[in-house]
$ cat protein_22.pdb   # PDB, C-alpha atoms
ATOM      1  CA  MET A  20       1.978  71.126 -44.174
ATOM      2  CA  ASP A  21       4.248  73.200 -46.376
ATOM      3  CA  ASN A  22       2.696  73.241 -49.861
ATOM      4  CA  ARG A  23       5.281  75.184 -51.815
ATOM      5  CA  PHE A  24       5.750  72.475 -54.419
ATOM      6  CA  GLU A  25       2.225  71.690 -55.622
ATOM      7  CA  VAL A  26       1.521  69.556 -58.697
ATOM      8  CA  GLU A  27      -1.656  68.361 -60.383
ATOM      9  CA  VAL A  28      -2.376  65.432 -62.681
ATOM     10  CA  SER A  29      -5.763  64.885 -64.273
ATOM     11  CA  ALA A  30      -7.494  62.630 -66.769
ATOM     12  CA  GLY A  31     -10.853  61.867 -68.316
ATOM     13  CA  THR A  32     -13.621  64.391 -67.717
ATOM     14  CA  MET A  33     -11.426  66.138 -65.145
ATOM     15  CA  MET A  34      -8.518  66.703 -67.533
ATOM     16  CA  SER A  35      -7.067  70.178 -67.347
ATOM     17  CA  ALA A  36      -7.198  72.431 -70.402
ATOM     18  CA  SER A  37      -3.661  73.566 -69.607
ATOM     19  CA  GLY A  38      -0.513  71.686 -68.732
ATOM     20  CA  ALA A  39       1.517  69.103 -70.581
ATOM     21  CA  ARG A  40      -0.391  66.171 -72.065
ATOM     22  CA  PHE A  41       0.925  62.603 -72.031
ATOM     23  CA  PRO A  42      -0.443  59.284 -73.303
ATOM     24  CA  HIS A  43      -2.105  57.155 -70.645
ATOM     25  CA  ARG A  44      -2.946  53.463 -70.703
ATOM     26  CA  TRP A  45      -6.208  53.919 -68.796
ATOM     27  CA  THR A  46      -7.736  56.819 -70.740
ATOM     28  CA  PRO A  47      -7.902  57.481 -74.496
ATOM     29  CA  GLY A  48      -7.397  61.250 -74.043
ATOM     30  CA  GLY A  49      -4.244  60.890 -71.963
ATOM     31  CA  VAL A  50      -3.370  62.815 -68.823
ATOM     32  CA  THR A  51      -2.419  66.405 -68.193
ATOM     33  CA  VAL A  52       0.365  67.389 -65.843
ATOM     34  CA  GLU A  53       0.727  70.784 -64.242
ATOM     35  CA  ALA A  54       4.077  71.066 -62.474
ATOM     36  CA  ASP A  55       7.246  73.082 -62.469
ATOM     37  CA  PHE A  56      10.422  71.201 -63.356
ATOM     38  CA  THR A  57      12.209  71.120 -59.992
ATOM     39  CA  GLY A  58      13.277  68.116 -57.984
ATOM     40  CA  ALA A  59      10.600  68.683 -55.335
ATOM     41  CA  HIS A  60       7.871  69.049 -57.949
ATOM     42  CA  LEU A  61       9.021  65.863 -59.690
ATOM     43  CA  LEU A  62       9.012  63.932 -56.409
ATOM     44  CA  HIS A  63       5.426  65.033 -55.776
ATOM     45  CA  LEU A  64       4.504  64.367 -59.408
ATOM     46  CA  ALA A  65       5.668  60.755 -59.080
ATOM     47  CA  ALA A  66       3.333  60.253 -56.121
ATOM     48  CA  ALA A  67       0.380  62.022 -57.767
ATOM     49  CA  GLY A  68       0.803  60.204 -61.082
ATOM     50  CA  CYS A  69       0.967  56.836 -59.387
ATOM     51  CA  VAL A  70      -2.182  57.552 -57.388
ATOM     52  CA  LEU A  71      -4.055  58.654 -60.526
ATOM     53  CA  ASN A  72      -3.034  55.473 -62.360
ATOM     54  CA  ASP A  73      -4.030  53.325 -59.423
ATOM     55  CA  VAL A  74      -7.456  54.960 -59.120
ATOM     56  CA  TYR A  75      -8.195  53.732 -62.651
ATOM     57  CA  ARG A  76      -6.615  50.308 -62.091
ATOM     58  CA  GLU A  77      -8.299  49.607 -58.755
ATOM     59  CA  ALA A  78     -11.645  51.023 -59.929
ATOM     60  CA  ALA A  79     -11.601  48.560 -62.826
ATOM     61  CA  ALA A  80     -10.819  45.696 -60.438
ATOM     62  CA  LEU A  81     -13.707  46.761 -58.163
ATOM     63  CA  GLY A  82     -16.127  47.259 -61.060
ATOM     64  CA  ILE A  83     -16.439  51.015 -60.500
ATOM     65  CA  GLU A  84     -16.835  53.182 -63.587
ATOM     66  CA  VAL A  85     -14.654  56.298 -63.402
ATOM     67  CA  ARG A  86     -15.168  59.191 -65.802
ATOM     68  CA  GLY A  87     -12.344  61.394 -64.554
ATOM     69  CA  VAL A  88      -9.693  61.814 -61.873
ATOM     70  CA  ARG A  89      -7.700  64.756 -60.549
ATOM     71  CA  VAL A  90      -4.867  64.269 -58.049
ATOM     72  CA  THR A  91      -3.069  67.174 -56.425
ATOM     73  CA  ALA A  92       0.073  66.594 -54.366
ATOM     74  CA  ALA A  93       2.104  69.122 -52.426
ATOM     75  CA  GLY A  94       4.741  69.426 -49.762
ATOM     76  CA  GLY A  95       7.961  71.149 -48.941
ATOM     77  CA  LEU A  96      11.645  70.706 -48.285
ATOM     78  CA  ASP A  97      13.638  71.754 -45.246
ATOM     79  CA  THR A  98      16.216  74.018 -46.861
ATOM     80  CA  GLU A  99      18.820  73.290 -44.166
ATOM     81  CA  THR A 100      18.751  69.488 -44.521
ATOM     82  CA  TRP A 101      16.990  69.146 -47.904
ATOM     83  CA  HIS A 102      14.715  66.533 -46.344
ATOM     84  CA  SER A 103      11.110  66.390 -47.433
ATOM     85  CA  THR A 104       8.683  67.880 -44.937
ATOM     86  CA  GLY A 105       6.138  65.361 -46.178
ATOM     87  CA  ILE A 106       3.794  64.957 -49.098
ATOM     88  CA  GLY A 107       0.056  65.379 -48.897
ATOM     89  CA  TYR A 108      -2.237  64.404 -51.755
ATOM     90  CA  TRP A 109      -5.936  64.719 -52.403
ATOM     91  CA  VAL A 110      -8.044  62.986 -55.013
ATOM     92  CA  GLU A 111     -11.189  64.033 -56.852
ATOM     93  CA  VAL A 112     -13.096  61.339 -58.751
ATOM     94  CA  SER A 113     -15.916  61.829 -61.249
ATOM     95  CA  SER A 114     -18.160  58.766 -61.021
ATOM     96  CA  ASP A 115     -21.783  57.796 -60.461
ATOM     97  CA  ALA A 116     -20.686  55.248 -57.850
ATOM     98  CA  PRO A 117     -22.034  55.752 -54.314
ATOM     99  CA  ALA A 118     -19.872  57.767 -51.915
ATOM    100  CA  ASP A 119     -19.083  54.724 -49.757
ATOM    101  CA  GLN A 120     -17.757  52.805 -52.786
ATOM    102  CA  LEU A 121     -15.575  55.762 -53.784
ATOM    103  CA  ALA A 122     -14.273  56.084 -50.216
ATOM    104  CA  HIS A 123     -13.398  52.368 -50.259
ATOM    105  CA  LEU A 124     -11.712  52.791 -53.653
ATOM    106  CA  LEU A 125      -9.506  55.593 -52.312
ATOM    107  CA  GLU A 126      -8.569  53.510 -49.247
ATOM    108  CA  VAL A 127      -7.561  50.633 -51.534
ATOM    109  CA  VAL A 128      -5.539  53.012 -53.715
ATOM    110  CA  ASP A 129      -3.766  54.529 -50.693
ATOM    111  CA  GLN A 130      -2.649  51.046 -49.636
ATOM    112  CA  ALA A 131      -1.745  49.873 -53.158
ATOM    113  CA  ALA A 132      -0.055  52.885 -54.779
ATOM    114  CA  GLU A 133       3.535  51.786 -55.281
ATOM    115  CA  ILE A 134       5.327  55.150 -55.422
ATOM    116  CA  PRO A 135       3.766  56.544 -52.227
ATOM    117  CA  ARG A 136       4.574  53.205 -50.559
ATOM    118  CA  ALA A 137       8.199  53.411 -51.722
ATOM    119  CA  ILE A 138       8.514  57.009 -50.523
ATOM    120  CA  ARG A 139       7.000  56.098 -47.145
ATOM    121  CA  ALA A 140       9.447  53.213 -46.785
ATOM    122  CA  GLY A 141      12.491  55.216 -47.873
ATOM    123  CA  ALA A 142      14.961  54.225 -50.547
ATOM    124  CA  THR A 143      18.671  54.245 -51.101
ATOM    125  CA  VAL A 144      19.687  56.575 -53.917
ATOM    126  CA  ARG A 145      23.301  56.675 -54.967
ATOM    127  CA  ARG A 146      25.435  57.858 -57.831
ATOM    128  CA  VAL A 147      27.068  55.096 -59.871
ATOM    129  CA  LEU A 148      30.419  55.360 -61.592
ATOM    130  CA  GLU A 149      29.703  53.611 -64.859
ATOM    131  CA  PRO A 150      26.950  52.071 -66.951
ATOM    132  CA  ALA A 151      26.196  48.397 -66.535
ATOM    133  CA  PRO A 152      28.203  46.196 -68.924
ATOM    134  CA  GLY A 153      26.445  45.957 -72.285
ATOM    135  CA  GLY A 154      23.209  47.470 -71.067
ATOM    136  CA  GLY A 155      23.892  51.165 -70.981
ATOM    137  CA  ARG A 156      22.163  51.348 -67.611
ATOM    138  CA  PRO A 157      24.032  52.268 -64.452
ATOM    139  CA  SER A 158      25.344  49.436 -62.355
ATOM    140  CA  PRO A 159      24.904  49.563 -58.585
ATOM    141  CA  ARG A 160      28.679  49.523 -58.035
ATOM    142  CA  ASP A 161      29.579  51.792 -55.143
ATOM    143  CA  PRO A 162      31.819  54.774 -55.939
TER     144      PRO A 162
END

$ encode --input "protein_22.pdb" --output "structure tokens"
Amino acid sequence: MDNRFEVEVSAGTMMSASGARFPHRWTPGGVTVEADFTGAHLLHLAAAGCVLNDVYREAAALGIEVRGVRVTAAGGLDTETWHSTGIGYWVEVSSDAPADQLAHLLEVVDQAAEIPRAIRAGATVRRVLEPAPGGGRPSPRDP
């Protein structure tokens, strides 16, 4: 897989000393993000950030204590079509839970993570001509 556009998000005991720091609902110290500001990096960042969040959420639901998480996502773009060549992600978890419980956790996260699911399913993205009436948000009116 083409890994030209790699990003990393981390939290807890696995938080990076570098990168931009953001508040995070699951960890008091926040998360760090290491990514360039290009469209491809942001696409991969959305997937990685969602997976990190869902590791914490699903671990809590399964009663697994997690001390830290690092998710790296990478992929490429076909420069002739500007289609993604795919996104691969890998997860590191700091926990005292047994390996089989952590493997199950990551399977649950892979099935639950909303942004990777949306990317896998595809989505319509279109420019809108004007904001929605009174809301300041774009309306889905076709150009």

$ atom_distance --input "protein_22.pdb" --atom1 "atom CA of Leu121 of chain A" --atom2 "atom CA of His43 of chain A"
21.6 Å

$ resolve_selection --input "protein_22.pdb" --expression "the PyMOL selection byres ((chain A and resi 30) around 6)" --output "PyMOL selection string"
chain A and resi 29+31+33-34+50+87-88

$ write_last_selection --input "protein_22.pdb" --atoms "C-alpha atoms" --output "mmCIF file, keeping the file's coordinate frame"
data_model
loop_
_atom_site.group_PDB
_atom_site.id
_atom_site.type_symbol
_atom_site.label_atom_id
_atom_site.label_comp_id
_atom_site.auth_asym_id
_atom_site.auth_seq_id
_atom_site.Cartn_x
_atom_site.Cartn_y
_atom_site.Cartn_z
ATOM 1 C CA SER A 29 -5.763 64.885 -64.273
ATOM 2 C CA GLY A 31 -10.853 61.867 -68.316
ATOM 3 C CA MET A 33 -11.426 66.138 -65.145
ATOM 4 C CA MET A 34 -8.518 66.703 -67.533
ATOM 5 C CA VAL A 50 -3.370 62.815 -68.823
ATOM 6 C CA GLY A 87 -12.344 61.394 -64.554
ATOM 7 C CA VAL A 88 -9.693 61.814 -61.873
#

$ closest_residue --input "protein_22.pdb" --among "A:Thr32, A:Ile134, A:Ala54, A:Glu99" --to "Val85 of chain A" --atoms "only C-alpha atoms"
A:Thr32

$ residues_around --input "protein_22.pdb" --residues "His123 of chain A" --least-positions-apart "6" --cutoff "12 Å" --atoms "only C-alpha atoms" --output "PyMOL selection string"
chain A and resi 74+77-78+81+83+116-117+129-130

$ closest_residue --input "protein_22.pdb" --among "A:Ala36, A:Ala132, A:Leu96, A:Leu124" --to "His60 of chain A" --atoms "only C-alpha atoms"
A:Leu96

$ resolve_selection --input "protein_22.pdb" --expression "the PyMOL selection byres ((chain A and resi 62) around 12)" --output "PDB file with C-alpha atoms, in the frame of the given file"
ATOM      1  CA  PHE A  24       5.750  72.475 -54.419  1.00  0.00           C
ATOM      2  CA  GLU A  25       2.225  71.690 -55.622  1.00  0.00           C
ATOM      3  CA  VAL A  26       1.521  69.556 -58.697  1.00  0.00           C
ATOM      4  CA  ALA A  54       4.077  71.066 -62.474  1.00  0.00           C
ATOM      5  CA  ASP A  55       7.246  73.082 -62.469  1.00  0.00           C
ATOM      6  CA  PHE A  56      10.422  71.201 -63.356  1.00  0.00           C
ATOM      7  CA  THR A  57      12.209  71.120 -59.992  1.00  0.00           C
ATOM      8  CA  GLY A  58      13.277  68.116 -57.984  1.00  0.00           C
ATOM      9  CA  ALA A  59      10.600  68.683 -55.335  1.00  0.00           C
ATOM     10  CA  HIS A  60       7.871  69.049 -57.949  1.00  0.00           C
ATOM     11  CA  LEU A  61       9.021  65.863 -59.690  1.00  0.00           C
ATOM     12  CA  HIS A  63       5.426  65.033 -55.776  1.00  0.00           C
ATOM     13  CA  LEU A  64       4.504  64.367 -59.408  1.00  0.00           C
ATOM     14  CA  ALA A  65       5.668  60.755 -59.080  1.00  0.00           C
ATOM     15  CA  ALA A  66       3.333  60.253 -56.121  1.00  0.00           C
ATOM     16  CA  ALA A  67       0.380  62.022 -57.767  1.00  0.00           C
ATOM     17  CA  GLY A  68       0.803  60.204 -61.082  1.00  0.00           C
ATOM     18  CA  CYS A  69       0.967  56.836 -59.387  1.00  0.00           C
ATOM     19  CA  ALA A  92       0.073  66.594 -54.366  1.00  0.00           C
ATOM     20  CA  ALA A  93       2.104  69.122 -52.426  1.00  0.00           C
ATOM     21  CA  GLY A  94       4.741  69.426 -49.762  1.00  0.00           C
ATOM     22  CA  GLY A  95       7.961  71.149 -48.941  1.00  0.00           C
ATOM     23  CA  LEU A  96      11.645  70.706 -48.285  1.00  0.00           C
ATOM     24  CA  HIS A 102      14.715  66.533 -46.344  1.00  0.00           C
ATOM     25  CA  SER A 103      11.110  66.390 -47.433  1.00  0.00           C
ATOM     26  CA  GLY A 105       6.138  65.361 -46.178  1.00  0.00           C
ATOM     27  CA  ILE A 106       3.794  64.957 -49.098  1.00  0.00           C
ATOM     28  CA  GLY A 107       0.056  65.379 -48.897  1.00  0.00           C
ATOM     29  CA  ILE A 134       5.327  55.150 -55.422  1.00  0.00           C
ATOM     30  CA  PRO A 135       3.766  56.544 -52.227  1.00  0.00           C
ATOM     31  CA  ALA A 137       8.199  53.411 -51.722  1.00  0.00           C
ATOM     32  CA  ILE A 138       8.514  57.009 -50.523  1.00  0.00           C
TER      33      ILE A 138
END

$ atom_distance --input "protein_22.pdb" --atom1 "atom CA of Gly38 of chain A" --atom2 "atom CA of Tyr108 of chain A"
18.6 Å

$ atom_distance --input "protein_22.pdb" --atom1 "atom CA of Arg44 of chain A" --atom2 "atom CA of Glu84 of chain A"
15.6 Å

$ closest_residue --input "protein_22.pdb" --among "A:Val70, A:Val112, A:Val90, A:Ala80" --to "Glu133 of chain A" --atoms "all atoms listed in the file"
A:Val70

$ closest_residue --input "protein_22.pdb" --among "A:Val128, A:Asp97, A:Pro42, A:Glu53" --to "Tyr75 of chain A" --atoms "all atoms listed in the file"
A:Val128

$ closest_residue --input "protein_22.pdb" --among "A:Asp115, A:Gly48, A:Leu125, A:Glu149" --to "Ser35 of chain A" --atoms "all atoms listed in the file"
A:Gly48
